[in-house]
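Below you'll find the structure, written out as structure tokens, and then a few comments.
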2 protein chains.
Amino acid sequence: MEENILKDRPIAEASALDLERGHVADVVEHLNEQEPEQAAGVVAGLPDERVVELLDQPEFEDAAEVVANLPLDRAATLLSGVSADRATDILGEMDEPQRSQLIERLDSETRTAVAHLAGYPEGSAGAIMTTEMVSVPANWTVAQTLDYIRQVEKSRETIYTICVLHPETKALLQTVTLRRLITTDPSAPVLAAARHSKPVTVKPTTDREDVARLVSKYDLLAVPVVDERHHVIGIVTVDDIIDTIFEETTEDVQKFGGMEALDEPYMEIGFTSMIRKRAGWLAALFIGEMLTATAMQHFETELEKAIVLTLFIPLIMSSGGNSGSQATSLIIRALALGEVRLKDWWRVALRELPSGLTLGAILGAMGFTRIVAWQLLGLHDYGVFWILVATTVGAGLVGIVAFGSLAGSMLPFIMKRLGFDPASASAPFVATLVDVTGLVIYFSIASVILHGTLL
Amino acid sequence: MEENILKDRPIAEASALDLERGHVADVVEHLNEQEPEQAAGVVAGLPDERVVELLDQPEFEDAAEVVANLPLDRAATLLSGVSADRATDILGEMDEPQRSQLIERLDSETRTAVAHLAGYPEGSAGAIMTTEMVSVPANWTVAQTLDYIRQVEKSRETIYTICVLHPETKALLQTVTLRRLITTDPSAPVLAAARHSKPVTVKPTTDREDVARLVSKYDLLAVPVVDERHHVIGIVTVDDIIDTIFEETTEDVQKFGGMEALDEPYMEIGFTSMIRKRAGWLAALFIGEMLTATAMQHFETELEKAIVLTLFIPLIMSSGGNSGSQATSLIIRALALGEVRLKDWWRVALRELPSGLTLGAILGAMGFTRIVAWQLLGLHDYGVFWILVATTVGAGLVGIVAFGSLAGSMLPFIMKRLGFDPASASAPFVATLVDVTGLVIYFSIASVILHGTLL
């Protein structure tokens with residue numbers, strides 16, 4: 001989180017950026033800082049080969065606008081040069097009728113690939129895979145494979161993981177890495193460079209987060225995507241995985257913060273989009289929280305009799321929300337990392353209940369001490385029954401913190417079970433849930449302890 | 001987030017795991033599920049080469065205990081075979097005097113590397129780098145380089161990124177990828193396979209999150225770590241980067257949830273460790289939240305006169321906390337992704353203030369309508385001055401939600417400025433901050449609007 005990233009930059013911000021020979025990532029960053037029309041002007045003046053490199057970067061935010069601003073024929077030539085998965089994304093961001101006009105003009109190979117890729121749901125392996133990988137039949141030698149790689153390298157997104165197919169059925173038999181390939185005897189069959197174990201593969205419908213976990217677990221550079229007959233239909237590469245993890249994390253944190261995911265950088269999203277993404281959840285939580293007013297109205301007689309009870313409402317409610325927020329954040333990550341599965345909910349409940357009671361006891365003791373101390377030190381007068389008030393607050397904290405931990409840990413499971421992202425069980429959501437219940441717990445405890453005295 | 005990850009597993013959970021030939025990641029998972037002593041017993045029976053593979057996995061949780069349970073000489077031989085960065089981690093988890101005894105017995109190359117690596121602070125590039133990379137002098141040809149790679153491959157963690165050094169000074173001139181190397185004319189000098197641009201490098205002290213961002217931005221498979229004289233002292237590989245991102249994300253989410261990072265899987269951490277990680281922040285927030293009781297005591301006279309005001313305290317306070325939590329989550333991610341820097345705080349403030357006012361106006365209108373509706377429908381009687389009460393609540397919401405957004409967006413900047421992780425600006429922290437201030441805002445607005453009527 002240090003600023004020293006600047007010092008490590010290969011190209012100093014101050015020096016003039018070489019648009020034709022500088023690192024594409026730096027040029028993309030430069031273009032992202034400009035208005036789309038300006039960026040289109042710059043791009044139009046660059047040679048085709050360079051523009052293809054730029055468009056290939058998923059980080060290039062205005063790629064679709066830039067392509068839309070180019071003459072149709074040049075745009076089609078350029079998109080045919082871009083990797084098919086990226087071309088699909090760019091076309092997906094364009095408006096009709098331009099998109100269809102462009103698709104018509106693509107070379108037939110790209111057109112087929114784009115039509116295919118556009119069909120996979122967002123967030124699936126199919127949507128992030130590339131179709132440009134290297135596949136060879138299993139009856140080839142290592143030398144043949146290496147020669148073939150040298151020939152096709154330019155048009156492949158990755159050559160570090162090579163799919164070895166059954167010579168007849170074309171089904172995937174094994175994957176071999178370039179590393180093993182160049183260190184294996186060139187005259188040996190290509191399968192000699194493979195591992196013993198079955199290759200790690202995913203389906204086109206596999207969630208991209210699951211793909212990321214597999215890549216992380218097995219330290220892979222790419223994972224083949226296979227259909228039911230075990231035919232390779234694409235490959236997910238490690239750099240797409242890294243982008244996926246960054247994106248998913250941002251979405252999860254924003255959802256956990258109690259809003260819809262922005263899907264755009266904070267400094268670039270428009271004012272109305274931002275309000276829309278935030279107001280929805282805020283209003284929903286507000287309506288939920290209105291129940292606190294209803295609960296308070298219900299206890300209005302008690303409140304009038306024992307106004308001293310109101311003094312501790314914010315303290316008690318927030319403690320429940322805080323312990324709930326802790327539990328929720330723990331379970332969201334445990335679910336995201338696959339440490340805990342849906343069926344483990346009761347194990348989690350059995351951990352959270354004692355944790356919640358212990359944490360509640362700690363805060364309860366602190367609350368009790370606070371009231372007793374203030375009373376004895378003469379800092380505030382909580383009335384004749386101050387010791388009963390202190391007991392009510394202490395007991396209320398135990399109950400509410402325990403309830404908060406339990407509710408906070410169960411909410412992500414419930415969200416997941418209902419088919420939502422567990423991260424939608426946000427800190428504000430848990431707090432709202434605990435606030436309403438917490439009030440009822442507090443006043444119920446008060447009516448038992450203070451019965452016949454204040455109430 | 002689907003359960004279908006199970007179906008994609010290369011080795012079915014039910015089938016017997018082949019400890020000697022199965023995928024190391026699966027064997028590690030199997031060992032992690034056992035008690036350390038049990039795992040040590042299993043490992044002791046495996047051939048050395050296999051044990052080295054297992055110990056090389058950072059995911060192997062009880063590696064240190066397992067090594068400690070082996071005879072000292074075998075342990076030293078094994079550790080000498082493990083990559084130096086991993087050996088350093090394992091030794092770091094062991095107790096004295098065993099650690100020193102083992103270090104003494106390591107082969108001299110490993111011992112020097114370990115001594116070196118142990119000196120870098122946790123979370124830095126130096127701490128996650130490996131010293132086992134391929135470096136060649138710039139006066140070699142492509143063919144010479146490839147031959148060398150084939151010779152040393154077994155002892156190198158990565159061969160996909162090769163460092164090309166100045167033949168005399170040994171300073172890093174360029175990096176070349178294996179991909180470029182095998183597609184370049186073998187008789188050409190190795191530098192012919194390099195890019196034009198300067199190589200991306202980091203310093204040993206660079207934060208690992210910054211390294212992750214560079215790897216993501218430039219789609220790298222490895223980044224050389226260089227000292228002041230531009231000598232390569234190690235290399236950070238993409239699989240370490242993926243592990244880093246997962247770990248950092250988990251830490252960030254847990255901190256944002258209002259607790260210390262667990263550093264261990266949820267289902268495995270001990271009860272007391274978990275209570276300790278959670279109780280600290282919970283108690284600190286509780287003490288902060290005690291100020292709400294102090295604030296309420298201060299306004300006790302107003303409360304007695306206008307008990308109707310208390311009904312809306314939870315509603316108003318939570319709305320401020322929720323809008324604050326949204327803003328905080330946005331800024332934490334924007335800072336983590338480098339979209340926003342410390343010096344941009346005022347830009348963010350200029351975005352959050354109008355956003356907060358707009359969101360506050362939406363909730364204020366809802367709150368106002370709620371009170372007027374309940375009054376007119378006869379659901380509850382808010383007294384003679386109900387319209388003034390409704391106005392107070394509406395105006396209070398505008399003020400508190402706007403304050404919440406502003407405070408929530410500034411807190412991560414303040415944390416970062418003070419040298420803490422911005423993620424420590426947790427949802428509960430923001431909520432506590434806004435609760436106390438919110439009460440003051442609410443009662444101040446009430447005393448203006450209700451002056452001469454209820455108050």
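In the structure tokens, the first chain shown is A, the next is B, and so on; residue numbers restart at 1 for each chain, and ligands run from 1 in the order shown.
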
Item to check | Residues flagged helix (DSSP H, G or I) by DSSP in region 209-266 of chain B, as a VMD selection string | outcome: chain B and resid 209 to 218 238 to 256

Item to check | Proximity to Val28 (chain A) - best of B:Phe420, B:His298, B:Thr141, B:Lys217, only C-alpha atoms | outcome: B:Lys217

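Comparing the minimum interatomic distances between chain B and each of A:Thr358, A:Gln38, A:Thr169, A:Thr392, counting only C-alpha atoms, we find that A:Thr358 sits nearest.
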
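A straight line drawn from CA of Asp239 (chain B) to CA of Phe256 (chain A) is 27.0 Å long.
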
Item to check | Which of region 196-430 of chain A DSSP labels strand (DSSP E), written as a PyMOL selection string | outcome: chain A and resi 222-226+232-237
